[in-house]
Amino acid sequence: MPALDTTRPVLEGTGVSPGIAIGPMVHMGAPIAELPGPVSGGVPDIEFGRAQRALDEVARDLEQRRDRAEGDAFAVLDALSMLARDPALIDAVGAEVDGGRPAPHAVDAAIAGFRTMLEAAGGYLAERAADLTDLRNRAVARLLHLPMPGIPEHEAPFVLAAEDLAPADTVDLRPGHVLAIVTSRGGPTSHTAIIAKAMGLPCIVGCVGIAEVDDETLVIVDGSAGRVTADPDADEIAAAERRKEAREALLASSAGPGVTADGHGVQLLLNIGSAAAGAAEEVDAEGVGLLRTEFLFLDRTTEPTVEEQTASYHEIFAGFAGRKVVVRTLDVGADKPLPFVEPGPGDNPALGLRGWRLIANNPGLIERQLEAIAAAAATAPCEVWVMAPMIATVTEAEDFVALARAAGIATAGVMVEVPALALQAERLVEVVDFVSLGTNDLSQYTFAADRLVGELGELLDPWQPAVLELIARTATAGRAAGVPVGVCGEAASDPNLALVLTGFGCTSLSMSANAVAEVRAGLATTTLERCEELATLALTGTDGRDARTRVLAALTG
Amino acid sequence: MSTETTVEEQVTVASKVGLHARPAAAVVKAANELPTVVKIGKDGRVVDARSMLSLLSLGAEHGDTVTVSAEGPDAAEAVAAMVALLASNLDEAS
């Protein structure tokens, strides 16, 4: 070990998925932006052969990966490989080499032509333009003998470093092979953060210094603290190993209902969104805090009948005997158009007719769904609660509750995701049986920041004190009235933020299945009084990052 | 066997989203499996049905009429298969 090595760099970022990983770090291949010269020359026939071979190799690589993939990943890779074999693309490359371009430039120019065409068309076609960019990067890398963009091939398990991950990259992530993810860009709501959390991989985003760390450098990634230690010494490695083991032991021993160290109960629930809830049934949780029902309606040309819906709900309810299932009524709008749902006018889907608002021009749609839920609930072995999304006023909440009761639903509540409703919390809790805070949309509407715009990730950080204040206000009103207030957004799956939410008085936390053990373990070691202190502290933050840092410092200090 | 017969038939695109996304992928896959090259035309433009990029560039929407054509001894069979596909509900094809 080098004797001079006393100033090992510790790199800071935003920890978005907890856990500790120790391993060699490998950078993801970056796309080649500028092609090296010459831009002309070469024998057209030879250059055409090179380009064809490169596209064929890229297609075969994509097809191999496709055949190992499932679901969305299969579709992404299938579409990409189809583009790599597209006869029109091959023809265009032929025209470019005939015009005197060498293979890499010919591929680049041919793809750029199609990309311009798709981008000009807008909408769905513009999204396909990103696939073409991906294809171009792969083919050009192949032709220039440079590392292929995407998850690197590496024999031993490794820590993946990247600027940010695109959806197509995450398809290749294999748990056990990739130990942790560190990105130099991206925020807490980036695609990378969501995927890492879903896979249970430690993840740090916005860690600018990571770009300077060489490949194969040994690193310790602490996803809870948002810290990367490059080239650690033997003591640091041993300490990290001990913390990793202690954490794993704590998680393994965590079981049963959510409860603080001093015995205050907080229900731990699951967010699920498909009929394939079989796996979720096995999770040690107290039920479902958010059953998304869109899966019943998407990819169909006609509305599912009441009987079909009843059968689907029944199947899900049967898996949660003795527990609770909170059903959210249909939440679609112009962003997910359905042939049988009238979306109404407007260019901005998030601010248009979506969720509860569909009732305005889709008579019977929500009524039929409530009828089906009530029918399934009548014979269900679990407690069924029903809530509506996108409620903006107390009157709308009253209307929904009346409609649900008329359908025969015993427990009816609403989502709080529009800031206007949170500001009316004191009156809201007088008319509903329960409230569930959807923090993702609540953030989007509070900050006037589109959830789909990656650059706005900082504003959409669930730690933002403005959103926390709306949550606190709603929870306080609920507590005073004896009305349960849960959280079912991204916020509830962050184990530290879960303590803050508990401190505000939230009565349940709903999250993806693999976040439950971590949140439960955090609660089990913290008293309610401590949670309340942390909650007060979080509200003093100047922004999301500051609030997170303050709470983290209090927890580790 | 007769040679160089051209078969042409018109069909209305049934898919709700037009020839985009999964429907377009289904057309490309089917075209690659047909015994002869099938072309799809709209508003005077005629493209190879095996090319996703060309199909997307046609911009065929739900309810548009397109012309399916092929040449050669297998033309009738190939055109009939493609017409049936375009007239079916491709939205639920996977």
# chains A, B, ... in the order shown; residues from 1 in each chain; ligands from 1
$ interface_residues --of "chain B" --to "chain A" --cutoff "8 Å" --atoms "only C-alpha atoms" --output "list in words"
Lys16, His20, Ala21, Ala25, Arg50, Ser51, Met52, Leu53, Ser54, Leu56, Ser57, Asp91 and Glu92 of chain B
$ write_last_selection --atoms "N, CA and C atoms" --output "PDB file, in the first residue's frame"
ATOM      1  N   LYS B  16     -55.963   1.663 -33.048  1.00  0.00           N
ATOM      2  CA  LYS B  16     -56.371   2.960 -32.489  1.00  0.00           C
ATOM      3  C   LYS B  16     -55.242   3.986 -32.532  1.00  0.00           C
ATOM      4  N   HIS B  20     -48.098   3.017 -35.384  1.00  0.00           N
ATOM      5  CA  HIS B  20     -46.982   3.409 -34.514  1.00  0.00           C
ATOM      6  C   HIS B  20     -46.765   2.284 -33.528  1.00  0.00           C
ATOM      7  N   ALA B  21     -45.730   2.445 -32.710  1.00  0.00           N
ATOM      8  CA  ALA B  21     -45.541   1.600 -31.529  1.00  0.00           C
ATOM      9  C   ALA B  21     -45.707   0.119 -31.843  1.00  0.00           C
ATOM     10  N   ALA B  25     -44.495  -2.435 -35.053  1.00  0.00           N
ATOM     11  CA  ALA B  25     -43.557  -3.544 -34.817  1.00  0.00           C
ATOM     12  C   ALA B  25     -44.161  -4.864 -35.277  1.00  0.00           C
ATOM     13  N   ARG B  50     -41.085  -3.974 -44.276  1.00  0.00           N
ATOM     14  CA  ARG B  50     -40.097  -4.523 -43.342  1.00  0.00           C
ATOM     15  C   ARG B  50     -39.328  -3.420 -42.628  1.00  0.00           C
ATOM     16  N   SER B  51     -39.555  -2.169 -43.045  1.00  0.00           N
ATOM     17  CA  SER B  51     -38.815  -1.060 -42.451  1.00  0.00           C
ATOM     18  C   SER B  51     -39.663  -0.277 -41.466  1.00  0.00           C
ATOM     19  N   MET B  52     -39.307  -0.381 -40.192  1.00  0.00           N
ATOM     20  CA  MET B  52     -39.992   0.371 -39.141  1.00  0.00           C
ATOM     21  C   MET B  52     -39.906   1.871 -39.408  1.00  0.00           C
ATOM     22  N   LEU B  53     -38.704   2.335 -39.781  1.00  0.00           N
ATOM     23  CA  LEU B  53     -38.519   3.776 -39.997  1.00  0.00           C
ATOM     24  C   LEU B  53     -39.417   4.281 -41.124  1.00  0.00           C
ATOM     25  N   SER B  54     -39.530   3.486 -42.199  1.00  0.00           N
ATOM     26  CA  SER B  54     -40.369   3.902 -43.323  1.00  0.00           C
ATOM     27  C   SER B  54     -41.840   3.897 -42.938  1.00  0.00           C
ATOM     28  N   LEU B  56     -43.085   4.346 -39.968  1.00  0.00           N
ATOM     29  CA  LEU B  56     -43.346   5.490 -39.089  1.00  0.00           C
ATOM     30  C   LEU B  56     -43.475   6.764 -39.917  1.00  0.00           C
ATOM     31  N   SER B  57     -42.652   6.864 -40.981  1.00  0.00           N
ATOM     32  CA  SER B  57     -42.650   8.082 -41.789  1.00  0.00           C
ATOM     33  C   SER B  57     -43.944   8.237 -42.591  1.00  0.00           C
ATOM     34  N   ASP B  91     -53.587  -3.275 -31.471  1.00  0.00           N
ATOM     35  CA  ASP B  91     -53.219  -2.606 -30.221  1.00  0.00           C
ATOM     36  C   ASP B  91     -52.900  -3.600 -29.118  1.00  0.00           C
ATOM     37  N   GLU B  92     -53.563  -4.753 -29.189  1.00  0.00           N
ATOM     38  CA  GLU B  92     -53.343  -5.716 -28.115  1.00  0.00           C
ATOM     39  C   GLU B  92     -52.325  -6.778 -28.486  1.00  0.00           C
TER      40      GLU B  92
END
$ residues_around --residues "Glu8 of chain B" --least-positions-apart "5" --cutoff "8 Å" --atoms "only C-alpha atoms" --output "PyMOL selection string"
chain B and resi 67-70+79
$ write_last_selection --atoms "N, CA and C atoms" --output "compact mmCIF listing (two decimals), in the first residue's frame"
# COMPACT_ATOMS: atom_id res chain seq x y z
N THR B 67 -52.64 1.28 -49.07
CA THR B 67 -52.64 0.29 -50.15
C THR B 67 -51.54 -0.72 -49.90
N VAL B 68 -51.90 -1.99 -49.88
CA VAL B 68 -50.92 -3.06 -49.68
C VAL B 68 -50.64 -3.68 -51.04
N SER B 69 -49.36 -3.86 -51.40
CA SER B 69 -49.06 -4.45 -52.70
C SER B 69 -47.87 -5.39 -52.62
N ALA B 70 -47.80 -6.32 -53.57
CA ALA B 70 -46.68 -7.24 -53.67
C ALA B 70 -46.63 -7.77 -55.10
N VAL B 79 -50.24 -10.41 -49.70
CA VAL B 79 -51.09 -9.23 -49.56
C VAL B 79 -52.29 -9.54 -48.67
$ select_by_dssp --residues "chain B" --states "strand (DSSP E or B)" --output "number ranges by chain"
B: 6-12, 38-42, 45-48, 65-71
$ residues_around --residues "Ala374 of chain A" --least-positions-apart "6" --cutoff "8 Å" --atoms "only C-alpha atoms" --output "VMD selection string"
chain A and resid 407 to 409
$ write_last_selection --atoms "N, CA and C atoms" --output "short mmCIF file (atom, residue, chain, number, x, y, z; two decimals), in the first residue's frame"
data_model
loop_
_atom_site.label_atom_id
_atom_site.label_comp_id
_atom_site.auth_asym_id
_atom_site.auth_seq_id
_atom_site.Cartn_x
_atom_site.Cartn_y
_atom_site.Cartn_z
N ALA A 407 -72.46 3.51 -3.64
CA ALA A 407 -72.09 2.25 -4.28
C ALA A 407 -71.96 1.13 -3.25
N GLY A 408 -71.98 1.48 -1.97
CA GLY A 408 -71.90 0.47 -0.93
C GLY A 408 -70.52 0.31 -0.33
N ILE A 409 -69.68 1.35 -0.50
CA ILE A 409 -68.32 1.27 0.05
C ILE A 409 -68.32 1.87 1.46
#
$ residues_around --residues "Asp74 of chain B" --least-positions-apart "2" --cutoff "12 Å" --atoms "only C-alpha atoms" --output "compact mmCIF listing (two decimals) with C-alpha atoms, in the first residue's frame"
# COMPACT_ATOMS: atom_id res chain seq x y z
CA MET B 1 -46.56 -20.66 -62.26
CA SER B 2 -47.34 -17.27 -63.69
CA THR B 3 -44.70 -14.61 -63.15
CA GLU B 4 -44.63 -10.92 -62.27
CA THR B 5 -48.23 -10.52 -61.25
CA THR B 6 -48.84 -7.46 -59.13
CA VAL B 7 -51.47 -7.74 -56.44
CA LEU B 34 -43.91 -13.35 -45.59
CA PRO B 35 -42.61 -15.16 -48.69
CA THR B 36 -42.29 -11.96 -50.70
CA VAL B 37 -41.65 -8.25 -50.19
CA VAL B 38 -44.84 -6.45 -49.23
CA SER B 69 -49.06 -4.45 -52.70
CA ALA B 70 -46.68 -7.24 -53.67
CA GLU B 71 -45.30 -8.87 -56.80
CA GLY B 72 -44.54 -12.42 -57.84
CA ALA B 76 -51.80 -12.80 -53.46
CA GLU B 77 -51.12 -14.78 -50.31
CA ALA B 78 -48.75 -12.15 -48.87
CA VAL B 79 -51.09 -9.23 -49.56
CA ALA B 80 -54.05 -11.09 -48.06
CA ALA B 81 -52.06 -11.81 -44.88
$ atom_distance --atom1 "atom CA of Phe447 of chain A" --atom2 "atom CA of Arg550 of chain A"
21.5 Å
$ residues_around --residues "Asp43 of chain B" --least-positions-apart "3" --cutoff "12 Å" --atoms "only C-alpha atoms" --output "list in words"
Ile40, Val46, Val47, Ser57, Leu58, Gly59, Ala60, Asp64, Thr65, Val66 and Thr67 of chain B
$ write_last_selection --atoms "N, CA and C atoms" --output "mmCIF file, in the first residue's frame"
data_model
loop_
_atom_site.group_PDB
_atom_site.id
_atom_site.type_symbol
_atom_site.label_atom_id
_atom_site.label_comp_id
_atom_site.auth_asym_id
_atom_site.auth_seq_id
_atom_site.Cartn_x
_atom_site.Cartn_y
_atom_site.Cartn_z
ATOM 1 N N ILE B 40 -46.377 -1.008 -48.441
ATOM 2 C CA ILE B 40 -47.563 -0.303 -47.959
ATOM 3 C C ILE B 40 -47.475 1.134 -48.450
ATOM 4 N N VAL B 46 -44.937 4.961 -51.253
ATOM 5 C CA VAL B 46 -44.983 3.512 -51.083
ATOM 6 C C VAL B 46 -43.695 3.067 -50.394
ATOM 7 N N VAL B 47 -43.824 2.315 -49.276
ATOM 8 C CA VAL B 47 -42.626 1.905 -48.541
ATOM 9 C C VAL B 47 -42.619 0.397 -48.281
ATOM 10 N N SER B 57 -42.652 6.864 -40.981
ATOM 11 C CA SER B 57 -42.650 8.082 -41.789
ATOM 12 C C SER B 57 -43.944 8.237 -42.591
ATOM 13 N N LEU B 58 -44.672 7.143 -42.797
ATOM 14 C CA LEU B 58 -45.950 7.242 -43.511
ATOM 15 C C LEU B 58 -46.974 8.029 -42.690
ATOM 16 N N GLY B 59 -46.853 7.926 -41.387
ATOM 17 C CA GLY B 59 -47.795 8.626 -40.511
ATOM 18 C C GLY B 59 -49.225 8.140 -40.667
ATOM 19 N N ALA B 60 -49.410 6.842 -40.884
ATOM 20 C CA ALA B 60 -50.765 6.308 -41.059
ATOM 21 C C ALA B 60 -51.483 6.252 -39.717
ATOM 22 N N ASP B 64 -57.203 5.642 -41.490
ATOM 23 C CA ASP B 64 -56.621 5.974 -42.799
ATOM 24 C C ASP B 64 -56.698 4.757 -43.715
ATOM 25 N N THR B 65 -56.830 5.029 -45.013
ATOM 26 C CA THR B 65 -56.809 3.934 -45.977
ATOM 27 C C THR B 65 -55.397 3.813 -46.554
ATOM 28 N N VAL B 66 -54.852 2.605 -46.529
ATOM 29 C CA VAL B 66 -53.527 2.376 -47.104
ATOM 30 C C VAL B 66 -53.642 1.296 -48.173
ATOM 31 N N THR B 67 -52.643 1.279 -49.071
ATOM 32 C CA THR B 67 -52.644 0.294 -50.146
ATOM 33 C C THR B 67 -51.535 -0.719 -49.895
#
$ atom_distance --atom1 "atom CA of Leu509 of chain A" --atom2 "atom CA of Val266 of chain A"
7.1 Å
$ select_by_dssp --residues "segment 28-184 of chain A" --states "helix (DSSP H, G or I)" --output "JSON, numbers by chain"
{"A": [44, 45, 46, 47, 48, 49, 50, 51, 52, 53, 54, 55, 56, 57, 58, 59, 60, 61, 62, 63, 64, 65, 66, 67, 68, 71, 72, 73, 74, 75, 76, 77, 78, 79, 80, 81, 82, 83, 84, 87, 88, 89, 90, 91, 92, 93, 94, 95, 96, 97, 98, 103, 104, 105, 106, 107, 108, 109, 110, 111, 112, 113, 114, 115, 116, 117, 118, 119, 120, 121, 123, 124, 125, 126, 127, 128, 129, 130, 131, 132, 133, 134, 135, 136, 137, 138, 139, 140, 141, 142, 143, 167, 168, 169, 170]}
$ write_last_selection --atoms "C-alpha atoms" --output "tab-separated table (two decimals), in the first residue's frame"
chain	number	residue	atom	x	y	z
A	44	PRO	CA	-17.49	3.02	-50.78
A	45	ASP	CA	-17.87	-0.76	-51.07
A	46	ILE	CA	-15.47	-1.43	-48.21
A	47	GLU	CA	-16.98	1.27	-46.01
A	48	PHE	CA	-20.49	-0.03	-46.72
A	49	GLY	CA	-19.39	-3.53	-45.69
A	50	ARG	CA	-17.95	-2.19	-42.44
A	51	ALA	CA	-21.09	-0.24	-41.63
A	52	GLN	CA	-23.33	-3.20	-42.43
A	53	ARG	CA	-21.27	-5.52	-40.23
A	54	ALA	CA	-21.31	-3.04	-37.35
A	55	LEU	CA	-25.10	-2.65	-37.53
A	56	ASP	CA	-25.51	-6.41	-37.76
A	57	GLU	CA	-23.29	-6.95	-34.70
A	58	VAL	CA	-25.21	-4.31	-32.77
A	59	ALA	CA	-28.50	-5.98	-33.78
A	60	ARG	CA	-27.28	-9.41	-32.72
A	61	ASP	CA	-26.04	-8.07	-29.39
A	62	LEU	CA	-29.42	-6.41	-28.78
A	63	GLU	CA	-31.29	-9.56	-29.77
A	64	GLN	CA	-29.25	-11.68	-27.37
A	65	ARG	CA	-29.98	-9.28	-24.54
A	66	ARG	CA	-33.64	-9.11	-25.58
A	67	ASP	CA	-33.96	-12.87	-25.34
A	68	ARG	CA	-32.78	-12.76	-21.73
A	71	GLY	CA	-41.65	-7.21	-19.95
A	72	ASP	CA	-40.72	-3.60	-20.67
A	73	ALA	CA	-37.05	-4.48	-21.11
A	74	PHE	CA	-37.96	-6.97	-23.82
A	75	ALA	CA	-39.99	-4.35	-25.68
A	76	VAL	CA	-37.23	-1.72	-25.48
A	77	LEU	CA	-34.56	-4.09	-26.78
A	78	ASP	CA	-36.86	-5.59	-29.42
A	79	ALA	CA	-37.62	-2.16	-30.87
A	80	LEU	CA	-33.93	-1.21	-30.87
A	81	SER	CA	-32.81	-4.39	-32.63
A	82	MET	CA	-35.54	-3.90	-35.22
A	83	LEU	CA	-34.17	-0.44	-35.99
A	84	ALA	CA	-30.63	-1.82	-36.32
A	87	PRO	CA	-33.70	-1.88	-44.57
A	88	ALA	CA	-34.40	1.85	-45.02
A	89	LEU	CA	-31.52	2.64	-42.66
A	90	ILE	CA	-29.17	0.31	-44.55
A	91	ASP	CA	-30.17	2.02	-47.83
A	92	ALA	CA	-29.51	5.45	-46.33
A	93	VAL	CA	-26.08	4.33	-45.11
A	94	GLY	CA	-25.39	3.07	-48.65
A	95	ALA	CA	-26.23	6.48	-50.08
A	96	GLU	CA	-23.87	8.16	-47.58
A	97	VAL	CA	-20.88	5.93	-48.37
A	98	ASP	CA	-21.52	6.44	-52.08
A	103	ALA	CA	-18.44	4.07	-42.34
A	104	PRO	CA	-18.77	5.82	-38.93
A	105	HIS	CA	-19.70	9.14	-40.55
A	106	ALA	CA	-22.10	7.43	-42.94
A	107	VAL	CA	-23.95	5.72	-40.07
A	108	ASP	CA	-23.98	8.98	-38.11
A	109	ALA	CA	-25.37	10.98	-41.05
A	110	ALA	CA	-27.94	8.36	-42.07
A	111	ILE	CA	-29.32	8.08	-38.54
A	112	ALA	CA	-29.32	11.87	-38.11
A	113	GLY	CA	-31.58	12.12	-41.17
A	114	PHE	CA	-34.17	9.77	-39.72
A	115	ARG	CA	-33.89	11.40	-36.32
A	116	THR	CA	-34.75	14.79	-37.80
A	117	MET	CA	-37.78	13.27	-39.52
A	118	LEU	CA	-39.07	11.69	-36.29
A	119	GLU	CA	-38.42	14.76	-34.17
A	120	ALA	CA	-40.31	16.93	-36.65
A	121	ALA	CA	-43.30	14.59	-36.37
A	123	GLY	CA	-45.25	12.97	-29.97
A	124	TYR	CA	-44.64	9.25	-29.96
A	125	LEU	CA	-42.32	9.47	-32.97
A	126	ALA	CA	-40.09	12.02	-31.23
A	127	GLU	CA	-39.60	9.52	-28.41
A	128	ARG	CA	-38.37	6.97	-30.93
A	129	ALA	CA	-35.69	9.51	-31.89
A	130	ALA	CA	-33.95	8.69	-28.59
A	131	ASP	CA	-33.78	5.04	-29.68
A	132	LEU	CA	-32.03	6.13	-32.86
A	133	THR	CA	-29.49	8.11	-30.85
A	134	ASP	CA	-28.81	5.02	-28.76
A	135	LEU	CA	-28.39	2.93	-31.91
A	136	ARG	CA	-26.05	5.51	-33.45
A	137	ASN	CA	-23.87	5.50	-30.31
A	138	ARG	CA	-23.62	1.72	-30.32
A	139	ALA	CA	-22.80	1.39	-34.02
A	140	VAL	CA	-20.25	4.21	-33.96
A	141	ALA	CA	-18.53	2.74	-30.88
A	142	ARG	CA	-18.33	-0.60	-32.66
A	143	LEU	CA	-16.81	0.99	-35.79
A	167	PRO	CA	-33.98	3.69	-19.31
A	168	ALA	CA	-32.34	1.42	-21.93
A	169	ASP	CA	-29.21	1.13	-19.74
A	170	THR	CA	-31.10	0.03	-16.65
$ atom_distance --atom1 "atom CA of Pro232 of chain A" --atom2 "atom CA of Gly23 of chain A"
10.6 Å
$ residues_around --residues "Val432 of chain A" --least-positions-apart "2" --cutoff "10 Å" --atoms "only C-alpha atoms" --output "VMD selection string"
chain A and resid 387 394 397 to 398 400 to 402 411 to 414 427 to 430 434 to 435 483 to 484
$ write_last_selection --atoms "N, CA and C atoms" --output "mmCIF file, in the first residue's frame"
data_model
loop_
_atom_site.group_PDB
_atom_site.id
_atom_site.type_symbol
_atom_site.label_atom_id
_atom_site.label_comp_id
_atom_site.auth_asym_id
_atom_site.auth_seq_id
_atom_site.Cartn_x
_atom_site.Cartn_y
_atom_site.Cartn_z
ATOM 1 N N MET A 387 -60.210 5.281 -2.419
ATOM 2 C CA MET A 387 -59.937 6.723 -2.474
ATOM 3 C C MET A 387 -59.868 7.202 -3.919
ATOM 4 N N VAL A 394 -62.846 20.613 -1.025
ATOM 5 C CA VAL A 394 -63.586 19.846 -0.031
ATOM 6 C C VAL A 394 -64.915 19.368 -0.626
ATOM 7 N N ALA A 397 -64.328 16.304 -2.576
ATOM 8 C CA ALA A 397 -64.138 15.193 -1.644
ATOM 9 C C ALA A 397 -65.494 14.691 -1.148
ATOM 10 N N GLU A 398 -66.371 15.631 -0.811
ATOM 11 C CA GLU A 398 -67.725 15.255 -0.363
ATOM 12 C C GLU A 398 -68.458 14.489 -1.455
ATOM 13 N N PHE A 400 -67.195 12.707 -3.897
ATOM 14 C CA PHE A 400 -66.668 11.351 -4.074
ATOM 15 C C PHE A 400 -67.144 10.436 -2.950
ATOM 16 N N VAL A 401 -67.060 10.922 -1.732
ATOM 17 C CA VAL A 401 -67.463 10.087 -0.592
ATOM 18 C C VAL A 401 -68.934 9.690 -0.731
ATOM 19 N N ALA A 402 -69.770 10.624 -1.179
ATOM 20 C CA ALA A 402 -71.197 10.323 -1.345
ATOM 21 C C ALA A 402 -71.392 9.244 -2.414
ATOM 22 N N THR A 411 -65.633 2.510 3.655
ATOM 23 C CA THR A 411 -64.577 3.443 4.041
ATOM 24 C C THR A 411 -64.084 4.192 2.809
ATOM 25 N N ALA A 412 -64.377 5.487 2.748
ATOM 26 C CA ALA A 412 -64.044 6.273 1.561
ATOM 27 C C ALA A 412 -63.183 7.468 1.936
ATOM 28 N N GLY A 413 -62.118 7.684 1.190
ATOM 29 C CA GLY A 413 -61.224 8.808 1.453
ATOM 30 C C GLY A 413 -60.727 9.412 0.157
ATOM 31 N N VAL A 414 -59.772 10.322 0.266
ATOM 32 C CA VAL A 414 -59.232 10.954 -0.942
ATOM 33 C C VAL A 414 -57.718 11.047 -0.864
ATOM 34 N N ARG A 427 -60.864 21.346 7.085
ATOM 35 C CA ARG A 427 -62.247 21.091 6.674
ATOM 36 C C ARG A 427 -62.370 19.746 5.961
ATOM 37 N N LEU A 428 -61.298 19.368 5.275
ATOM 38 C CA LEU A 428 -61.321 18.097 4.547
ATOM 39 C C LEU A 428 -61.569 16.913 5.482
ATOM 40 N N VAL A 429 -60.855 16.900 6.618
ATOM 41 C CA VAL A 429 -60.951 15.726 7.501
ATOM 42 C C VAL A 429 -62.338 15.573 8.139
ATOM 43 N N GLU A 430 -63.157 16.608 7.999
ATOM 44 C CA GLU A 430 -64.527 16.491 8.515
ATOM 45 C C GLU A 430 -65.425 15.679 7.583
ATOM 46 N N PHE A 434 -60.612 8.863 5.573
ATOM 47 C CA PHE A 434 -59.150 8.827 5.657
ATOM 48 C C PHE A 434 -58.564 9.674 4.530
ATOM 49 N N VAL A 435 -57.258 9.956 4.655
ATOM 50 C CA VAL A 435 -56.559 10.762 3.661
ATOM 51 C C VAL A 435 -55.256 10.055 3.320
ATOM 52 N N VAL A 483 -58.729 11.155 12.129
ATOM 53 C CA VAL A 483 -58.818 10.611 10.767
ATOM 54 C C VAL A 483 -57.423 10.148 10.329
ATOM 55 N N PRO A 484 -57.285 8.881 9.925
ATOM 56 C CA PRO A 484 -55.965 8.398 9.513
ATOM 57 C C PRO A 484 -55.412 9.180 8.315
#
$ closest_residue --among "A:Leu468, A:Ala475, A:Val516, A:Ala377" --to "Gly541 of chain A" --atoms "only C-alpha atoms"
A:Leu468
$ residues_around --residues "Ser88 of chain B" --least-positions-apart "5" --cutoff "10 Å" --atoms "only C-alpha atoms" --output "list in words"
Thr12, Val13, Ala14, Ser15, Pro23, Met82, Val83 and Ala93 of chain B
